[in-house]
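Text of the file input-v3.cif, holding mmCIF, C-alpha atoms:
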```
data_final
loop_
_atom_site.label_atom_id
_atom_site.label_comp_id
_atom_site.auth_asym_id
_atom_site.auth_seq_id
_atom_site.Cartn_x
_atom_site.Cartn_y
_atom_site.Cartn_z
CA MET A 1 76.96 43.53 82.51
CA MET A 2 74.08 45.10 80.57
CA LYS A 3 75.03 48.54 81.88
CA PHE A 4 78.56 48.04 80.60
CA VAL A 5 77.34 46.91 77.18
CA LYS A 6 74.87 49.77 76.88
CA PHE A 7 77.55 52.29 77.87
CA ALA A 8 80.01 50.81 75.37
CA PHE A 9 77.40 50.93 72.59
CA LEU A 10 76.46 54.54 73.29
CA THR A 11 80.13 55.48 73.48
CA ILE A 12 80.78 53.92 70.07
CA ILE A 13 77.85 55.79 68.52
CA ALA A 14 79.00 59.08 70.01
CA PHE A 15 82.55 58.67 68.75
CA ALA A 16 81.31 57.60 65.33
CA ILE A 17 79.68 61.01 65.02
CA VAL A 18 82.78 62.83 66.21
CA PHE A 19 85.34 60.93 64.15
CA SER A 20 83.34 60.96 60.95
CA CYS A 21 84.16 64.68 60.86
CA LYS A 22 87.83 64.38 61.85
CA SER A 23 90.22 65.66 59.18
CA ASP A 24 92.98 63.36 57.98
CA ASP A 25 95.04 66.47 57.30
CA ASP A 26 95.30 67.62 60.92
CA PRO A 27 98.86 68.80 61.64
CA VAL A 28 101.32 66.53 63.40
CA SER A 29 104.54 67.34 65.22
CA PHE A 30 107.52 65.56 66.73
CA ALA A 31 108.31 65.59 70.45
CA GLU A 32 111.77 65.40 71.97
CA LEU A 33 113.24 62.02 71.10
CA ARG A 34 113.45 59.52 73.98
CA ASP A 35 115.57 56.39 74.17
CA ARG A 36 113.58 53.60 72.54
CA GLY A 37 114.82 50.92 74.91
CA GLU A 38 113.91 52.87 78.02
CA GLN A 39 110.53 53.82 76.58
CA GLN A 40 109.80 50.18 75.76
CA VAL A 41 110.32 49.18 79.40
CA GLU A 42 107.95 51.91 80.52
CA ASP A 43 105.35 51.08 77.89
CA ASP A 44 105.38 47.36 78.60
CA ALA A 45 104.80 48.02 82.30
CA ALA A 46 101.82 50.19 81.35
CA LEU A 47 100.45 47.52 79.00
CA VAL A 48 100.78 44.77 81.61
CA GLU A 49 99.07 46.99 84.16
CA PHE A 50 96.19 47.62 81.76
CA LEU A 51 95.84 43.96 80.80
CA SER A 52 95.88 42.96 84.48
CA THR A 53 93.12 45.39 85.47
CA HIS A 54 90.79 45.28 82.46
CA PHE A 55 88.54 42.74 80.76
CA TYR A 56 86.58 42.49 77.54
CA ASN A 57 82.95 41.47 76.95
CA TYR A 58 83.77 37.78 76.57
CA GLU A 59 80.44 36.72 78.05
CA GLU A 60 78.74 37.95 74.86
CA PHE A 61 80.91 35.80 72.60
CA ASP A 62 79.72 32.28 71.78
CA PHE A 63 82.80 30.19 72.53
CA THR A 64 80.84 26.96 72.05
CA ASN A 65 80.67 27.78 68.33
CA PRO A 66 83.28 30.46 67.59
CA GLU A 67 82.78 30.28 63.82
CA GLY A 68 79.00 30.53 64.10
CA THR A 69 76.90 33.35 62.69
CA ALA A 70 76.04 34.59 66.18
CA ASN A 71 79.57 35.98 66.47
CA ASP A 72 79.67 37.69 63.09
CA SER A 73 78.37 40.98 64.49
CA PHE A 74 80.34 40.77 67.76
CA ARG A 75 82.38 43.85 68.65
CA ILE A 76 85.03 43.88 71.35
CA ALA A 77 84.48 46.32 74.21
CA PHE A 78 86.78 46.81 77.20
CA GLY A 79 86.03 47.66 80.82
CA LYS A 80 87.86 47.99 84.12
CA ILE A 81 87.72 45.19 86.68
CA GLU A 82 86.01 46.90 89.60
CA GLY A 83 82.65 47.14 91.33
CA ALA A 84 80.05 44.96 89.66
CA ASN A 85 82.79 43.71 87.31
CA ALA A 86 85.24 42.77 90.06
CA ASP A 87 84.97 39.06 89.23
CA LYS A 88 85.82 39.37 85.52
CA THR A 89 88.77 37.51 84.00
CA PRO A 90 91.61 39.93 83.25
CA LEU A 91 92.93 40.29 79.74
CA ILE A 92 96.42 39.31 80.88
CA ASN A 93 95.10 35.73 81.19
CA GLN A 94 93.64 35.77 77.69
CA VAL A 95 96.18 37.49 75.43
CA GLU A 96 99.21 35.99 73.71
CA GLU A 97 102.58 37.71 74.08
CA ARG A 98 104.63 38.43 70.98
CA THR A 99 108.15 39.82 70.51
CA THR A 100 109.75 41.52 67.54
CA THR A 101 112.89 43.49 66.83
CA TYR A 102 112.21 46.97 65.49
CA PHE A 103 114.72 49.83 65.28
CA ASP A 104 117.17 47.40 66.95
CA ILE A 105 114.96 47.17 70.04
CA GLU A 106 113.17 44.01 71.17
CA TYR A 107 109.53 44.94 71.61
CA LYS A 108 106.72 43.09 73.31
CA TYR A 109 103.16 43.35 72.10
CA TYR A 110 100.02 41.39 72.91
CA VAL A 111 97.35 39.78 70.74
CA LEU A 112 93.81 38.85 71.77
CA LYS A 113 92.53 36.13 69.43
CA LEU A 114 88.81 35.47 69.63
CA ARG A 115 88.34 34.05 66.16
CA GLU A 116 91.02 33.41 63.57
CA GLY A 117 88.62 33.67 60.63
CA GLY A 118 87.81 31.15 57.93
CA GLY A 119 88.86 33.08 54.84
CA LYS A 120 92.17 34.01 53.27
CA SER A 121 95.59 34.44 54.80
CA TYR A 122 97.66 37.47 53.83
CA SER A 123 100.90 39.25 54.72
CA SER A 124 102.03 42.48 56.34
CA PHE A 125 102.33 43.90 52.82
CA ASP A 126 98.72 43.55 51.66
CA GLN A 127 95.55 45.59 52.03
CA VAL A 128 92.77 44.48 54.37
CA ASP A 129 89.15 45.58 54.58
CA LEU A 130 87.96 45.81 58.15
CA VAL A 131 86.17 47.77 60.84
CA TYR A 132 88.26 48.80 63.83
CA HIS A 133 88.41 50.77 67.07
CA GLY A 134 91.59 52.55 68.16
CA GLN A 135 91.95 53.42 71.84
CA LEU A 136 94.47 54.64 74.39
CA LEU A 137 95.07 52.82 77.67
CA ASP A 138 92.55 55.10 79.40
CA LEU A 139 90.06 53.74 76.84
CA GLU A 140 89.72 57.12 75.15
CA THR A 141 88.97 56.64 71.45
CA PHE A 142 91.30 58.15 68.87
CA ASP A 143 89.90 56.42 65.78
CA LEU A 144 86.76 54.47 65.00
CA ARG A 145 85.53 52.94 61.75
CA LEU A 146 82.09 51.34 61.93
CA THR A 147 81.86 50.66 58.21
CA ARG A 148 84.48 48.62 56.38
CA VAL A 149 87.53 50.55 55.29
CA PRO A 150 90.56 49.42 53.22
CA ILE A 151 93.88 49.69 55.06
CA PRO A 152 97.16 49.04 53.19
CA LEU A 153 99.45 47.39 55.74
CA VAL A 154 102.68 47.73 53.76
CA SER A 155 105.09 50.30 55.17
CA GLY A 156 106.14 53.21 53.02
CA THR A 157 102.73 53.68 51.42
CA THR A 158 100.69 54.55 54.50
CA SER A 159 100.98 55.62 58.11
CA THR A 160 99.90 52.16 59.29
CA VAL A 161 101.81 51.47 62.50
CA ARG A 162 104.14 48.50 62.98
CA GLY A 163 101.98 46.82 65.60
CA PHE A 164 99.04 46.82 63.19
CA GLN A 165 101.22 45.43 60.39
CA LEU A 166 102.37 42.50 62.52
CA GLY A 167 99.18 41.82 64.46
CA LEU A 168 96.61 41.75 61.67
CA PRO A 169 98.17 38.90 59.60
CA GLU A 170 97.61 36.53 62.53
CA PHE A 171 93.95 36.61 61.51
CA LYS A 172 92.21 35.55 58.31
CA THR A 173 89.58 37.33 56.30
CA ALA A 174 85.92 36.38 56.24
CA GLU A 175 84.71 33.37 54.26
CA ASP A 176 82.18 35.66 52.62
CA VAL A 177 80.58 39.07 53.05
CA VAL A 178 76.80 38.83 53.43
CA GLU A 179 73.85 41.05 54.23
CA GLY A 180 73.13 41.06 57.94
CA ALA A 181 69.81 41.30 59.73
CA ASN A 182 70.20 45.09 59.91
CA GLY A 183 70.61 45.37 56.14
CA PHE A 184 74.32 46.16 56.35
CA LEU A 185 77.03 43.94 54.90
CA GLN A 186 78.90 41.95 57.51
CA PRO A 187 81.69 39.37 57.41
CA ARG A 188 80.78 35.69 57.61
CA ASN A 189 83.32 34.01 59.92
CA GLY A 190 85.91 36.78 59.70
CA GLY A 191 88.81 37.25 62.07
CA ILE A 192 88.02 39.03 65.35
CA GLY A 193 90.66 40.24 67.78
CA ALA A 194 92.74 43.03 69.23
CA VAL A 195 96.37 44.12 69.37
CA PHE A 196 97.94 45.94 72.33
CA MET A 197 101.18 47.65 71.34
CA PRO A 198 103.86 49.89 72.87
CA SER A 199 104.40 53.39 71.53
CA GLY A 200 107.55 52.22 69.74
CA MET A 201 105.35 50.08 67.49
CA GLY A 202 102.88 52.92 67.20
CA TYR A 203 103.58 56.60 66.61
CA PHE A 204 106.35 56.95 69.26
CA ASN A 205 107.35 60.67 69.33
CA LEU A 206 105.13 61.68 66.41
CA ALA A 207 102.12 63.56 67.78
CA GLN A 208 98.85 62.57 66.12
CA PRO A 209 95.41 64.11 66.55
CA ASP A 210 93.98 62.75 69.82
CA ILE A 211 97.10 60.59 70.44
CA PRO A 212 99.67 62.03 72.86
CA VAL A 213 103.29 61.23 72.08
CA TYR A 214 104.71 58.01 73.55
CA SER A 215 101.26 56.43 73.87
CA PRO A 216 100.73 52.65 73.85
CA LEU A 217 97.81 51.81 71.58
CA ILE A 218 94.92 49.35 71.41
CA PHE A 219 93.29 48.29 68.16
CA SER A 220 90.29 45.93 68.13
CA PHE A 221 88.93 44.82 64.76
CA ASN A 222 86.69 42.62 62.62
CA LEU A 223 88.09 41.52 59.27
CA TYR A 224 86.26 41.43 55.95
CA ASP A 225 88.47 40.91 52.90
CA VAL A 226 91.97 41.33 51.46
CA VAL A 227 93.57 42.76 48.34
CA TYR A 228 97.00 41.32 47.57
CA LEU A 229 99.15 44.32 46.73
CA ASP A 230 101.66 44.74 43.94
CA THR A 231 102.68 48.24 44.96
CA ASP A 232 104.92 48.98 41.96
CA PHE A 233 102.91 46.94 39.42
CA ASP A 234 105.97 44.90 38.43
CA GLY A 235 104.24 41.51 38.41
CA LEU A 236 105.47 40.56 41.89
CA LEU A 237 103.30 40.87 44.97
CA SER A 238 104.78 43.19 47.56
CA SER A 239 105.00 40.19 49.89
CA MET A 240 107.38 38.54 47.39
CA GLU A 241 109.80 41.46 47.68
CA ASP A 242 110.67 40.82 51.33
CA LEU A 243 113.89 39.09 50.26
CA ASP A 244 115.40 38.78 53.73
CA GLY A 245 112.15 37.55 55.29
CA ASP A 246 112.13 40.07 58.15
CA LYS A 247 108.55 41.23 57.46
CA ASP A 248 109.82 44.63 56.36
CA VAL A 249 109.98 45.40 52.64
CA SER A 250 111.38 48.88 53.17
CA ASN A 251 114.93 47.56 53.72
CA ASP A 252 115.14 45.33 50.62
CA ASP A 253 116.92 47.30 47.89
CA THR A 254 118.63 45.00 45.38
CA ASP A 255 120.27 47.69 43.23
CA GLY A 256 121.08 50.03 46.13
CA ASP A 257 119.44 53.01 44.48
CA GLY A 258 117.64 54.08 47.65
CA LEU A 259 114.29 52.83 46.37
CA PRO A 260 113.13 49.59 48.02
CA ASP A 261 112.28 46.78 45.62
CA PHE A 262 108.56 46.88 46.38
CA ARG A 263 108.48 50.44 45.05
CA ASP A 264 111.15 49.97 42.33
CA THR A 265 109.99 49.05 38.82
CA ASP A 266 113.55 47.89 37.95
CA ASP A 267 114.70 45.93 40.99
CA ASP A 268 118.21 45.09 39.80
CA GLY A 269 118.83 48.41 38.03
CA ASP A 270 119.84 46.78 34.74
CA GLY A 271 117.67 49.04 32.60
CA THR A 272 115.03 46.38 31.96
CA ALA A 273 111.79 46.74 33.90
CA THR A 274 111.08 43.92 36.35
CA VAL A 275 107.70 43.27 34.73
CA ASN A 276 109.57 42.36 31.53
CA GLU A 277 111.93 39.97 33.35
CA VAL A 278 109.19 37.72 34.76
CA VAL A 279 106.31 35.84 33.12
CA GLN A 280 102.78 36.17 34.46
CA ASN A 281 100.22 33.41 33.90
CA THR A 282 96.50 33.06 34.56
CA TYR A 283 94.76 29.68 34.86
CA THR A 284 90.98 29.25 34.84
CA LEU A 285 89.60 26.04 36.31
CA ASN A 286 85.99 24.98 35.95
CA PRO A 287 84.55 22.64 38.59
CA GLY A 288 86.17 19.24 38.20
CA ASP A 289 89.17 20.47 36.21
CA PRO A 290 92.58 19.15 37.33
CA GLU A 291 95.07 21.46 38.96
CA PRO A 292 97.60 23.05 36.59
CA THR A 293 101.16 21.81 36.49
CA TYR A 294 103.49 24.60 37.54
CA ALA A 295 107.08 25.23 36.53
CA SER A 296 109.67 24.78 39.27
CA ASN A 297 110.17 28.52 39.47
CA GLU A 298 106.47 29.42 39.17
CA ILE A 299 104.78 30.96 42.21
CA VAL A 300 101.06 31.27 42.85
CA LYS A 301 100.13 34.86 43.60
CA THR A 302 96.36 34.65 44.05
CA ARG A 303 93.64 32.03 43.92
CA ASP A 304 89.95 32.95 43.81
CA THR A 305 86.82 30.86 43.36
CA ASP A 306 83.53 32.51 42.37
CA ASP A 307 79.98 31.51 43.27
CA ALA A 308 79.80 29.26 40.19
CA GLY A 309 82.82 27.29 41.38
CA VAL A 310 85.17 28.69 38.73
CA THR A 311 88.68 29.15 40.11
CA THR A 312 91.10 31.74 38.78
CA ILE A 313 94.78 31.26 39.62
CA ARG A 314 97.37 33.95 38.90
CA THR A 315 101.06 33.07 38.98
CA VAL A 316 104.45 34.55 38.20
CA VAL A 317 107.41 32.66 36.73
CA LEU A 318 110.78 33.88 38.00
CA THR A 319 112.78 33.25 34.86
CA ASP A 320 116.54 32.59 35.13
CA THR A 321 117.89 32.91 31.60
CA ASP A 322 121.56 32.26 32.38
CA GLY A 323 120.82 29.46 34.88
CA ASP A 324 122.99 30.94 37.62
CA GLY A 325 120.33 30.53 40.30
CA THR A 326 119.46 34.22 40.46
CA PRO A 327 116.17 35.23 38.82
CA ASP A 328 116.53 37.64 35.91
CA TYR A 329 114.75 40.44 37.74
CA LEU A 330 117.41 40.37 40.48
CA ASP A 331 120.39 39.66 38.16
CA ALA A 332 121.98 42.77 36.70
CA ASN A 333 124.65 40.74 34.84
#
```

Here is the file; what I need is its structure written in the form of structure tokens.
Amino acid sequence: MMKFVKFAFLTIIAFAIVFSCKSDDDPVSFAELRDRGEQQVEDDAALVEFLSTHFYNYEEFDFTNPEGTANDSFRIAFGKIEGANADKTPLINQVEERTTTYFDIEYKYYVLKLREGGGKSYSSFDQVDLVYHGQLLDLETFDLRLTRVPIPLVSGTTSTVRGFQLGLPEFKTAEDVVEGANGFLQPRNGGIGAVFMPSGMGYFNLAQPDIPVYSPLIFSFNLYDVVYLDTDFDGLLSSMEDLDGDKDVSNDDTDGDGLPDFRDTDDDGDGTATVNEVVQNTYTLNPGDPEPTYASNEIVKTRDTDDAGVTTIRTVVLTDTDGDGTPDYLDAN
């Protein structure tokens, strides 16, 4: 086991050197388009084969106290079940299967949940701070971030793949970010896991540097923090603009102008900016203060408590001036 760990550590260091110099502007190209349904069948077979023949370094994780500090610096590493590792438990017995409909195809993807995390929940439309390792099924690395990096999950503002958008929100952020024994900041009880996704939830026929087209992907990660995004600065979090609840804000376009609501400063196209058709409030609570009383159409956007115990709550009131049940920002009449 020690040989495997040492090899994994040296591999990570080597790739950190290589990928710190990789340009984000490397050219990409499209391959001949395959049928998504047929490709999904092929990809799922490849994922199941990988999960059935590989393991992760679970013996280094303290399952007796998953939320303990001993796990804060844990990093997932994968290996093949063979030779000295022939008795390892395969990943297929440890992951959870998920399904989602994307481009009218039902996709399967798999989530490995070691630790949920003790911090904040968030949506597929927010920005998370994390470290992560991106690999192909042959365990070749295509991306590696050893220091925390902010990743906006919301589609339409980044190249974040669908599997990442759906898998990450199953985990919570860290309770706190503290200085570790090595002097670097590390998450205290942050989410730790991995997502195994088909190419259709990845880059599909879009060639990326070091990622062949139609490649299933693996992302393992450790979560730090979250920023709740308001992409168009209209007073509504991007997560509030998923009107049909399908976890995709790119297809919600109230005024039909071709600009999805989460990027549209005038959602209903009535000539009045959305930010002027809602009311934003901020409440500050000192320790011992009672909770505020909210209006029936008032929604909490964020809630943060500092080290002194002072809590700041930010809300938005969805005003409905004519009382027709449709908030003003969505009512062009």

* If you count all atoms listed in the file, which residues fall within 7 Å of Ile211 in chain A, apart from same-chain ones fewer than 4 positions away, as a VMD selection string? -> chain A and resid 142 207 215

Could you dump the residues just selected with C-alpha atoms as a PDB file, keeping the file's coordinate frame?
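After the write, out-v4.pdb holds the following:
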```
ATOM      1  CA  PHE A 142      91.300  58.150  68.870  1.00  0.00           C
ATOM      2  CA  ALA A 207     102.120  63.560  67.780  1.00  0.00           C
ATOM      3  CA  SER A 215     101.260  56.430  73.870  1.00  0.00           C
TER       4      SER A 215
END
```

* Write out as a PyMOL selection string the residues lying within 12 Å of Gly288 in chain A, counting all atoms listed in the file and excluding same-chain residues fewer than 5 positions away. => chain A and resi 309-311

Selection from above, C-alpha atoms, as a short mmCIF file (atom, residue, chain, number, x, y, z; two decimals), keeping the file's coordinate frame, can you write it?
```cif
data_model
loop_
_atom_site.label_atom_id
_atom_site.label_comp_id
_atom_site.auth_asym_id
_atom_site.auth_seq_id
_atom_site.Cartn_x
_atom_site.Cartn_y
_atom_site.Cartn_z
CA GLY A 309 82.82 27.29 41.38
CA VAL A 310 85.17 28.69 38.73
CA THR A 311 88.68 29.15 40.11
#
```

Residues returned when the PyMOL selection byres ((chain A and resi 257-272) around 9) runs on this file, as a PDB file with C-alpha atoms, in the coordinates of the input:
```pdb
ATOM      1  CA  GLY A 156     106.140  53.210  53.020  1.00  0.00           C
ATOM      2  CA  ASP A 230     101.660  44.740  43.940  1.00  0.00           C
ATOM      3  CA  THR A 231     102.680  48.240  44.960  1.00  0.00           C
ATOM      4  CA  ASP A 232     104.920  48.980  41.960  1.00  0.00           C
ATOM      5  CA  PHE A 233     102.910  46.940  39.420  1.00  0.00           C
ATOM      6  CA  ASP A 234     105.970  44.900  38.430  1.00  0.00           C
ATOM      7  CA  LEU A 236     105.470  40.560  41.890  1.00  0.00           C
ATOM      8  CA  LEU A 237     103.300  40.870  44.970  1.00  0.00           C
ATOM      9  CA  SER A 238     104.780  43.190  47.560  1.00  0.00           C
ATOM     10  CA  SER A 239     105.000  40.190  49.890  1.00  0.00           C
ATOM     11  CA  MET A 240     107.380  38.540  47.390  1.00  0.00           C
ATOM     12  CA  GLU A 241     109.800  41.460  47.680  1.00  0.00           C
ATOM     13  CA  ASP A 242     110.670  40.820  51.330  1.00  0.00           C
ATOM     14  CA  VAL A 249     109.980  45.400  52.640  1.00  0.00           C
ATOM     15  CA  SER A 250     111.380  48.880  53.170  1.00  0.00           C
ATOM     16  CA  ASN A 251     114.930  47.560  53.720  1.00  0.00           C
ATOM     17  CA  ASP A 252     115.140  45.330  50.620  1.00  0.00           C
ATOM     18  CA  ASP A 253     116.920  47.300  47.890  1.00  0.00           C
ATOM     19  CA  THR A 254     118.630  45.000  45.380  1.00  0.00           C
ATOM     20  CA  ASP A 255     120.270  47.690  43.230  1.00  0.00           C
ATOM     21  CA  GLY A 256     121.080  50.030  46.130  1.00  0.00           C
ATOM     22  CA  ALA A 273     111.790  46.740  33.900  1.00  0.00           C
ATOM     23  CA  THR A 274     111.080  43.920  36.350  1.00  0.00           C
ATOM     24  CA  VAL A 275     107.700  43.270  34.730  1.00  0.00           C
ATOM     25  CA  ASN A 276     109.570  42.360  31.530  1.00  0.00           C
ATOM     26  CA  GLU A 277     111.930  39.970  33.350  1.00  0.00           C
ATOM     27  CA  ASP A 328     116.530  37.640  35.910  1.00  0.00           C
ATOM     28  CA  TYR A 329     114.750  40.440  37.740  1.00  0.00           C
ATOM     29  CA  LEU A 330     117.410  40.370  40.480  1.00  0.00           C
ATOM     30  CA  ASP A 331     120.390  39.660  38.160  1.00  0.00           C
ATOM     31  CA  ALA A 332     121.980  42.770  36.700  1.00  0.00           C
ATOM     32  CA  ASN A 333     124.650  40.740  34.840  1.00  0.00           C
TER      33      ASN A 333
END
```

* To do: Within 6 Å of (80.7, 34.5, 63.6) (coordinates as in the file), grab all the protein and nucleic acid residues, counting all atoms listed in the file, and write them out as a PyMOL selection string.
  => chain A and resi 67-72+189

Please check which residues have atoms at most 6 Å from (101.9, 39.7, 72.8) in the file's coordinates, counting only C-alpha atoms, and write them as a PDB file with C-alpha atoms, keeping the file's coordinate frame.
```pdb
ATOM      1  CA  GLU A  96      99.210  35.990  73.710  1.00  0.00           C
ATOM      2  CA  GLU A  97     102.580  37.710  74.080  1.00  0.00           C
ATOM      3  CA  ARG A  98     104.630  38.430  70.980  1.00  0.00           C
ATOM      4  CA  LYS A 108     106.720  43.090  73.310  1.00  0.00           C
ATOM      5  CA  TYR A 109     103.160  43.350  72.100  1.00  0.00           C
ATOM      6  CA  TYR A 110     100.020  41.390  72.910  1.00  0.00           C
ATOM      7  CA  VAL A 111      97.350  39.780  70.740  1.00  0.00           C
TER       8      VAL A 111
END
```

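Picked by the PyMOL selection byres ((chain A and resi 119) around 8) from the coordinates shown: A:Gly117, A:Gly118, A:Lys120, A:Ser121, A:Lys172, A:Thr173, A:Ala174, A:Glu175, A:Asp176, A:Asn189, A:Gly190.
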
Just-selected residues, C-alpha atoms written as a PDB file, in the frame of the given file:
```
ATOM      1  CA  GLY A 117      88.620  33.670  60.630  1.00  0.00           C
ATOM      2  CA  GLY A 118      87.810  31.150  57.930  1.00  0.00           C
ATOM      3  CA  LYS A 120      92.170  34.010  53.270  1.00  0.00           C
ATOM      4  CA  SER A 121      95.590  34.440  54.800  1.00  0.00           C
ATOM      5  CA  LYS A 172      92.210  35.550  58.310  1.00  0.00           C
ATOM      6  CA  THR A 173      89.580  37.330  56.300  1.00  0.00           C
ATOM      7  CA  ALA A 174      85.920  36.380  56.240  1.00  0.00           C
ATOM      8  CA  GLU A 175      84.710  33.370  54.260  1.00  0.00           C
ATOM      9  CA  ASP A 176      82.180  35.660  52.620  1.00  0.00           C
ATOM     10  CA  ASN A 189      83.320  34.010  59.920  1.00  0.00           C
ATOM     11  CA  GLY A 190      85.910  36.780  59.700  1.00  0.00           C
TER      12      GLY A 190
END
```

Go through range 66-108 of chain A and flag each residue having an atom no more than 9 Å from range 43-61 of chain A; for those, report the closest pair of atoms plus their distance in Å to one decimal, using all atoms listed in the file, ordered by chain and rising number, as a tab-separated table.
```
residue	atom	partner	partner_atom	distance
A:Pro66	CA	A:Phe61	CA	7.7
A:Ala70	CA	A:Phe61	CA	8.1
A:Asn71	CA	A:Phe61	CA	6.3
A:Phe74	CA	A:Phe61	CA	7.0
A:Arg75	CA	A:Asn57	CA	8.7
A:Ile76	CA	A:Asn57	CA	6.4
A:Ala77	CA	A:Tyr56	CA	5.5
A:Phe78	CA	A:Tyr56	CA	4.3
A:Gly79	CA	A:Phe55	CA	5.5
A:Lys80	CA	A:His54	CA	4.3
A:Ile81	CA	A:His54	CA	5.2
A:Glu82	CA	A:Thr53	CA	8.4
A:Asn85	CA	A:Phe55	CA	8.8
A:Lys88	CA	A:Phe55	CA	6.4
A:Thr89	CA	A:Phe55	CA	6.2
A:Pro90	CA	A:Phe55	CA	4.8
A:Leu91	CA	A:Leu51	CA	4.8
A:Ile92	CA	A:Leu51	CA	4.7
A:Asn93	CA	A:Ser52	CA	8.0
A:Val95	CA	A:Leu51	CA	8.4
A:Tyr107	CA	A:Asp44	CA	8.5
A:Lys108	CA	A:Asp44	CA	6.9
```

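One distance worth recording is that between CA of Asn222 in chain A and CA of Thr99 in chain A, which is 23.0 Å.
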
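Among the candidates A:Phe63, A:Phe171, A:Tyr283, A:Tyr228, the one nearest to Thr302 in chain A when counting only C-alpha atoms is A:Tyr228.
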
The PyMOL selection byres ((chain A and resi 115) around 6) resolved against shown file, as a PDB file with C-alpha atoms, keeping the file's coordinate frame:
```pdb
ATOM      1  CA  LYS A 113      92.530  36.130  69.430  1.00  0.00           C
ATOM      2  CA  LEU A 114      88.810  35.470  69.630  1.00  0.00           C
ATOM      3  CA  GLU A 116      91.020  33.410  63.570  1.00  0.00           C
ATOM      4  CA  GLY A 117      88.620  33.670  60.630  1.00  0.00           C
ATOM      5  CA  GLY A 191      88.810  37.250  62.070  1.00  0.00           C
ATOM      6  CA  ILE A 192      88.020  39.030  65.350  1.00  0.00           C
TER       7      ILE A 192
END
```

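In this model, the gap between CA of Leu33 in chain A and CA of Asp210 in chain A comes to 19.3 Å.
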
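In this model, the gap between CA of Lys247 in chain A and CA of Val154 in chain A comes to 9.5 Å.
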
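Distance annotation: of A:Phe184, A:Leu318, A:Thr282, A:Leu112, the residue with the minimal separation from Asp304 in chain A is A:Thr282; atom set is all atoms listed in the file.
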
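Nearest to Gly180 in chain A of all the residues A:Asn205, A:Asp248, A:Thr64, A:Ser73 is A:Ser73, based on only C-alpha atoms.
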
Kindly compute an axis-aligned box around the listed atoms of range 111-129 of chain A, allowing 6 Å on each side, and express its centre and edge lengths in Å to one decimal as lines of an AutoDock Vina configuration file.
```
center_x = 95.1
center_y = 38.4
center_z = 61.7
size_x = 26.5
size_y = 26.4
size_z = 32.1
```

* To do: Tell me which of A:Thr101, A:Ser199, A:Asn297, A:Gln186 sits closest to Asp225 in chain A, counting only C-alpha atoms.
  => A:Gln186

* Structure fact -> For Pro327 in chain A, the closest of A:Val279, A:Gly200, A:Gln127, A:Ile313 counting only C-alpha atoms is A:Val279

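Closest approach to Gln40 in chain A among A:Val149, A:Leu137, A:Val213, A:Met197 is made by A:Met197 (distances from only C-alpha atoms).
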